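Here's the structure, in structure tokens; my notes come after.
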Amino acid sequence: MQVTSQQFKQAASRKLADHKLQTALMNARGRLVAARARSIQELDNFEEIRQAAADIRDHCLAYLDVYLEEWERNARAAGTIVHWAESHEEMNRLVLEIARRNQVRKVIKSKSMLGEESGLNEYLEEGGLEVRETDLGEYIIQQAGENPSHIIAPAVHKSKDEIADLFAEKHKRPRLTEIEALTHEAREILRPHFLDADMGITGANFLVAETGSTMIVTNEGNGRMTTTMPRVHVAVAGIEKCLPTLEDFSLLMRLLARSATGQSISNYLSFTTGPKRPADKDGPDEFHVIIVDIGRSRVLGSALREALRCIRCGACMNHCPVYQNIGGHAYGWVYPGPIGSVLTPAYVGIDKALDLPNAATLCNQCGVACPVKIPLPDLMRKLRERQVELRLRPGGERLGLKVWAWLATRPRLYALATRIAARLGRLAGGRERLIHWLPPGASQWTLGRDMPAPRGRTFRDIYAARRRA
Amino acid sequence: MATRDNILKRIRAANGRSAEASFQEEQIAGRRLRSHDRGPLPRLDWEPAARFRERCLAMLSTVDEVERLADVPEAVARYLRGLDLPTSGVCWPELAGLDWVSAGLAFEGRPSRGDDMVGITGAFCGIAETGTLMLLSGEDWHATTSLLPETHVAVLPAARILRSMEDGWDLLRREHSRLPRQVNFVSGPSRTADIEMTLVMGAHGPFRVHVVLVNS
């Protein structure tokens with residue numbers, strides 16, 4: 001997927017003025033937050049489990065190579081064909097080669113963020129294959145020719161009316177108005193594709209080293225269809241998805257659905273270990289798994305390492321006041337919200353997403369909601385520091401900070417300057433004691449509000465006076 | 001294989017390790033893989049059967065109860081007729097021998113082809129904590145039977161209701177030497193909330209999941 005994160009500011013302004021989007025965001029806002037808050041109450045020791053989850057993910061990362069080799073050994077023993085890929089191009093090419101070798105024409109796909117990263121659908125379509133997304137949200141945005149705006153609710157930015165128009169046009173059927181009818185129309189349209197597709201592509205929520213399994217979590221059942229109906233199944237997974245044992249999965253699962261949608265558990269958890277067994281009557285003849293690095297090992301060795309704990313629940317974006325107001329598209333790549341503000345610069349380059357780590361108040365709603373305790377505000381702060389070190393900040397900002405530093409290291413001069421500024425501020429505030437316009441550089445701040453004017457005395461003045469008293 | 005080795009090498013370097021995994025590292029990982037240590041569990045002090053029933057209903061499954069396996073066809077007939085649903089379909093071969101005909105039903109022990117309206121399966125076990133069915137795939141445990149039909153009926157001996165998913169894995173390790181092609185945990189009917197966060201049943205899988213518990 002093309003990276004447009006450098007247009008964040010313009011995109012965010014557009015999104016704030018987009019009435020349809022604002023209505024959709026308003027509808028979503030708070031719902032998932034409330035559902036999560038309710039469901040974590042079901043666990044009497046939520047914080048203890050959350051700490052254990054963070055520890056499990058850290059342990060996996062610390063011994064990742066050993067667990068990946070164990071996973072590979074067990075997967076191969078079950079008949080899985082294992083591939084490794086270093087780049088998005090390599091991954092895409094491997095999938096297309098598998099398809100060509102098996103005379104595949106039609107592909108059904110269950111949601112994969114890695115597939116979004118690599119633009120897999122477009123690549124396969126250019127290679128002459130028909131590709132159908134089957135998660136309802138992904139299906140909607142594929143039909144609309146858009147990108148997902150949320151990692152678990154990809155079409156959360158679209159209203160039912162827009163979807164009704166879209167379905168009427170694409171399905172060439174009478175326009176429906178009810179959400180239930182729209183959902184069932186998509187079911188009817190997609191069912192024949194599940195039955196006659198040649199290949200299924202899925203991501204993987206986790207790899208389990210102990211058994212050599214890949215596993216996916218879904219509510220719709222499209223993941224089960226995709227892993228069972230076609231004669232070839234290909235799963236793509238990042239290296240960081242590897243867990244040691246089924247017990248580790250069971251612990252993380254107590255947090256995943258609760259953090260994502262507020263469900264106690266998702267409807268379908270499907271573990272796949274190899275292709276169809278000799279006596280089985282269903283399942284694919286071939287099962288391929290492509291293990292992908294693409295930036296992960298680089299992040300593992302960086303100050304952003306903790307971001308690799310992520311289990312892709314979306315809680316950080318659901319709780320983020322910035323995401324709640326602009327939606328996911330403005331972030332300009334696959335992962336929106338706080339985790340996107342860390343992963344996008346980490347994966348595609350710090351200079352290609354300069355605004356993202358800065359588009360945060362560091363309020364830590366994300367850090368508190370994260371089920372694996374990723375310190376997201378700290379990671380954003382580290383990225384900000386790195387931007388400064390690499391001299392990636394704009395000239396004006398650098399100059400301003402230089403001037404301030406020069407002044408701040410000269411206490412007498414600083415005291416004088418602040419005294420003058422406080423007096424000027426008082427004058428500017430007038431009788432109302434409110435400043436309506438700030439000078440260029442800070443003028444945006446007073447666009448929608450007034451700034452309370454200083455009273456004329458600086459903090460130092462008051463402090464000195466109190467000491468004397 | 002160059003790609004594989006490069007990736008593993010980079011992971012080791014990123015973790016500040018030497019080029020080859022040391023004996024000590026393999027010991028630590030190996031112990032963890034073998035020990036199947038459980039992390040902290042939430043309180044699981046309820047009565048499993050009652051909890052299973054309650055959580056099934058919370059996940060929008062329905063639950064019935066019979067004394068003996070032979071009573072299942074009557075119970076299924078009652079359920080299907082009560083909702084005005086079709087009375088024929090497919091079942092797992094292990095259930096094909098039940099007297100469906102006397103109950104006015106017709107179930108064939110074969111995989112689903114996609115146009116069957118009702119699918120009846122057994123289940124490896126039930127998980128009380130979440131109201132979940134644990135299903136294994138296999139020669140006679142067709143994965144499609146619980147997936148393609150609009151109605152899924154699962155027959156589960158009440159004695160096989162376990163507390164947690166961890167208990168399910170332990171039972172699986174005791175009774176089977178390795179994982180089947182697929183293990184599916186099913187908690188209620190297929191659903192989606194992808195349009196305006198509004199919950200709709202029957203996204204791609206069954207619209208209804210009905211559990212028949214067999215007491216003896």
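Residue numbers start at 1 in each chain; chains themselves are named A, B, ... in the order of the structure tokens; ligands are numbered from 1 in the order shown.
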Would you kindly return, as a ChimeraX atom specification, each protein, DNA or RNA residue with an atom no farther than 12 Å from any atom of Leu213 in chain B, considering only C-alpha atoms and excluding same-chain residues fewer than 4 positions away?
-> /B:49-50,52-53,56,62-69,71-72,75-76,122-123,125-126,133,153-161
Writing out the chosen residues with N, CA, C and O atoms as a CSV table (one decimal), in the first residue's frame:
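Everything below was put into result28.csv:
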```csv
chain,number,residue,atom,x,y,z
B,49,ALA,N,-21.3,-26.9,34.5
B,49,ALA,CA,-22.5,-27.1,33.6
B,49,ALA,C,-23.4,-25.8,33.5
B,49,ALA,O,-23.8,-25.4,32.5
B,50,ALA,N,-23.6,-25.3,34.7
B,50,ALA,CA,-24.4,-24.1,34.8
B,50,ALA,C,-23.8,-22.9,34.1
B,50,ALA,O,-24.4,-22.2,33.3
B,52,PHE,N,-21.6,-23.1,31.7
B,52,PHE,CA,-21.6,-23.4,30.2
B,52,PHE,C,-22.9,-22.9,29.6
B,52,PHE,O,-22.9,-22.2,28.6
B,53,ARG,N,-23.9,-23.3,30.2
B,53,ARG,CA,-25.3,-22.9,29.7
B,53,ARG,C,-25.4,-21.4,29.7
B,53,ARG,O,-25.9,-20.9,28.7
B,56,CYS,N,-23.3,-19.9,26.9
B,56,CYS,CA,-23.8,-20.2,25.6
B,56,CYS,C,-24.9,-19.2,25.3
B,56,CYS,O,-24.9,-18.7,24.2
B,62,THR,N,-28.3,-21.5,21.7
B,62,THR,CA,-29.4,-22.1,22.5
B,62,THR,C,-29.0,-23.4,23.1
B,62,THR,O,-28.1,-24.1,22.5
B,63,VAL,N,-29.6,-23.8,24.2
B,63,VAL,CA,-29.1,-25.1,24.8
B,63,VAL,C,-30.3,-25.9,25.2
B,63,VAL,O,-31.4,-25.4,25.7
B,64,ASP,N,-30.2,-27.2,25.0
B,64,ASP,CA,-31.2,-28.2,25.4
B,64,ASP,C,-30.5,-29.3,26.1
B,64,ASP,O,-29.3,-29.4,26.1
B,65,GLU,N,-31.3,-30.2,26.8
B,65,GLU,CA,-30.6,-31.2,27.6
B,65,GLU,C,-31.5,-32.5,27.4
B,65,GLU,O,-32.7,-32.4,27.5
B,66,VAL,N,-30.8,-33.6,27.2
B,66,VAL,CA,-31.6,-34.9,27.2
B,66,VAL,C,-30.8,-35.9,28.1
B,66,VAL,O,-29.7,-35.7,28.5
B,67,GLU,N,-31.5,-37.0,28.4
B,67,GLU,CA,-30.9,-38.0,29.3
B,67,GLU,C,-29.9,-38.9,28.6
B,67,GLU,O,-28.8,-39.1,29.0
B,68,ARG,N,-30.4,-39.4,27.5
B,68,ARG,CA,-29.6,-40.4,26.7
B,68,ARG,C,-29.4,-40.0,25.3
B,68,ARG,O,-30.1,-39.2,24.8
B,69,LEU,N,-28.3,-40.5,24.7
B,69,LEU,CA,-28.0,-40.2,23.3
B,69,LEU,C,-29.2,-40.5,22.4
B,69,LEU,O,-29.5,-39.8,21.4
B,71,ASP,N,-32.2,-40.1,22.9
B,71,ASP,CA,-33.2,-39.0,23.0
B,71,ASP,C,-32.9,-37.8,22.1
B,71,ASP,O,-33.7,-36.9,21.9
B,72,VAL,N,-31.7,-37.8,21.5
B,72,VAL,CA,-31.3,-36.6,20.7
B,72,VAL,C,-32.2,-36.3,19.5
B,72,VAL,O,-32.7,-35.2,19.4
B,75,ALA,N,-35.3,-34.4,20.5
B,75,ALA,CA,-35.0,-33.1,21.0
B,75,ALA,C,-34.7,-32.2,19.7
B,75,ALA,O,-35.1,-31.0,19.7
B,76,VAL,N,-33.9,-32.7,18.8
B,76,VAL,CA,-33.6,-32.0,17.6
B,76,VAL,C,-34.9,-31.6,16.8
B,76,VAL,O,-35.1,-30.5,16.3
B,122,GLY,N,-20.9,-33.6,16.6
B,122,GLY,CA,-20.6,-33.8,18.0
B,122,GLY,C,-19.7,-32.7,18.4
B,122,GLY,O,-19.6,-31.7,17.7
B,123,ALA,N,-18.9,-32.8,19.5
B,123,ALA,CA,-17.9,-31.8,19.8
B,123,ALA,C,-16.9,-32.5,20.7
B,123,ALA,O,-17.2,-33.4,21.4
B,125,CYS,N,-15.2,-31.1,23.1
B,125,CYS,CA,-15.5,-30.8,24.5
B,125,CYS,C,-16.2,-29.4,24.5
B,125,CYS,O,-16.3,-28.8,23.5
B,126,GLY,N,-16.8,-29.1,25.7
B,126,GLY,CA,-17.4,-27.7,25.8
B,126,GLY,C,-16.5,-27.0,26.8
B,126,GLY,O,-15.9,-27.6,27.7
B,133,LEU,N,-17.7,-24.3,22.1
B,133,LEU,CA,-17.6,-25.7,21.6
B,133,LEU,C,-16.2,-25.9,21.0
B,133,LEU,O,-15.8,-25.0,20.2
B,153,VAL,N,-26.4,-27.8,14.9
B,153,VAL,CA,-26.7,-28.4,16.1
B,153,VAL,C,-25.5,-29.2,16.6
B,153,VAL,O,-25.0,-30.0,15.8
B,154,ALA,N,-25.1,-29.0,17.8
B,154,ALA,CA,-24.0,-29.8,18.4
B,154,ALA,C,-24.4,-30.7,19.5
B,154,ALA,O,-25.1,-30.2,20.4
B,155,VAL,N,-24.1,-31.9,19.5
B,155,VAL,CA,-24.4,-32.9,20.5
B,155,VAL,C,-23.2,-33.1,21.4
B,155,VAL,O,-22.1,-33.5,20.9
B,156,LEU,N,-23.4,-32.8,22.7
B,156,LEU,CA,-22.2,-32.8,23.6
B,156,LEU,C,-22.5,-33.5,24.9
B,156,LEU,O,-23.5,-33.1,25.6
B,157,PRO,N,-21.8,-34.6,25.2
B,157,PRO,CA,-22.0,-35.2,26.5
B,157,PRO,C,-21.7,-34.2,27.7
B,157,PRO,O,-20.6,-33.5,27.6
B,158,ALA,N,-22.6,-34.1,28.6
B,158,ALA,CA,-22.4,-33.1,29.7
B,158,ALA,C,-21.2,-33.3,30.4
B,158,ALA,O,-20.6,-32.4,31.0
B,159,ALA,N,-20.7,-34.6,30.5
B,159,ALA,CA,-19.5,-34.9,31.2
B,159,ALA,C,-18.3,-34.3,30.6
B,159,ALA,O,-17.2,-34.2,31.2
B,160,ARG,N,-18.4,-33.9,29.3
B,160,ARG,CA,-17.2,-33.3,28.6
B,160,ARG,C,-17.3,-31.8,28.6
B,160,ARG,O,-16.7,-31.1,27.8
B,161,ILE,N,-17.9,-31.2,29.6
B,161,ILE,CA,-17.8,-29.8,29.8
B,161,ILE,C,-16.6,-29.5,30.7
B,161,ILE,O,-16.6,-29.9,31.9
```
Excluding Gln27 in chain B and residues on its chain fewer than 6 positions from it, collect all residues at most 12 Å away from it, counting only C-alpha atoms, and give them as an MDAnalysis selection string.
-> (chainID A and resid 63 66:67) or (chainID B and resid 21 33:35)
Compile a residue-level contact table for chain B against chain A at a cut-off of 7 Å, reporting for every qualifying residue the shortest atom pair and its distance in Å to one decimal, with only C-alpha atoms counted, rows ordered by chain and ascending number, as a Markdown table.
```
| residue | atom | partner | partner_atom | distance |
| --- | --- | --- | --- | --- |
| B:Thr3 | CA | A:Trp84 | CA | 6.2 |
| B:Arg4 | CA | A:Trp84 | CA | 5.5 |
| B:Ile7 | CA | A:Asp293 | CA | 6.7 |
| B:Leu8 | CA | A:Asp65 | CA | 5.5 |
| B:Arg10 | CA | A:Ser297 | CA | 6.2 |
| B:Ile11 | CA | A:Ser297 | CA | 5.4 |
| B:Arg12 | CA | A:Asp65 | CA | 6.7 |
| B:Ala14 | CA | A:Gly301 | CA | 4.0 |
| B:Asn15 | CA | A:Ala62 | CA | 6.3 |
| B:Glu26 | CA | A:Val66 | CA | 7.0 |
| B:Leu33 | CA | A:Glu210 | CA | 5.9 |
| B:His36 | CA | A:Glu247 | CA | 6.2 |
| B:Asp37 | CA | A:Glu247 | CA | 6.8 |
| B:Arg38 | CA | A:Glu247 | CA | 5.7 |
| B:Gly39 | CA | A:Leu251 | CA | 6.5 |
| B:Pro40 | CA | A:Ile49 | CA | 5.9 |
| B:Pro42 | CA | A:Leu43 | CA | 5.6 |
| B:Arg43 | CA | A:Asp44 | CA | 6.6 |
| B:Thr130 | CA | A:Ile265 | CA | 6.7 |
| B:Gly138 | CA | A:Asp280 | CA | 5.4 |
| B:Glu139 | CA | A:Asp280 | CA | 4.2 |
| B:His142 | CA | A:Asp282 | CA | 6.5 |
| B:Ala143 | CA | A:Asp282 | CA | 6.7 |
| B:Met165 | CA | A:Ser250 | CA | 6.3 |
| B:Glu166 | CA | A:Glu247 | CA | 6.0 |
| B:Leu179 | CA | A:Thr273 | CA | 6.8 |
| B:Pro180 | CA | A:Thr273 | CA | 6.8 |
| B:Arg181 | CA | A:Thr273 | CA | 4.9 |
| B:Gln182 | CA | A:Thr272 | CA | 4.6 |
| B:Val183 | CA | A:Phe271 | CA | 5.1 |
| B:Asn184 | CA | A:Ser270 | CA | 4.6 |
| B:Phe185 | CA | A:Leu269 | CA | 5.0 |
| B:Val186 | CA | A:Tyr268 | CA | 5.0 |
| B:Ser187 | CA | A:Asn267 | CA | 4.6 |
| B:Gly188 | CA | A:Asn267 | CA | 6.1 |
| B:Ser190 | CA | A:Glu220 | CA | 4.9 |
| B:Arg191 | CA | A:Glu220 | CA | 5.0 |
| B:Thr192 | CA | A:Glu220 | CA | 5.7 |
| B:Asp194 | CA | A:Gly137 | CA | 5.2 |
| B:Ile195 | CA | A:Lys160 | CA | 6.2 |
| B:Glu196 | CA | A:Ser159 | CA | 6.3 |
| B:Met197 | CA | A:Ala28 | CA | 6.8 |
| B:Val200 | CA | A:Glu180 | CA | 5.8 |
| B:Ala203 | CA | A:Glu220 | CA | 5.1 |
| B:His204 | CA | A:Gly221 | CA | 5.5 |
| B:Gly205 | CA | A:Gly221 | CA | 5.1 |
```
CA of Val334 in chain A and CA of Ser112 in chain A, how far apart in Å?
->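 One can read the CA of Ser112 in chain A to CA of Val334 in chain A distance as 10.4 Å.
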Quick one: residues within 9 Å of Ser102 in chain B, only C-alpha atoms counted, chain neighbours fewer than 3 positions away excluded, as a PyMOL selection string?
-> chain B and resi 73-74+99+105
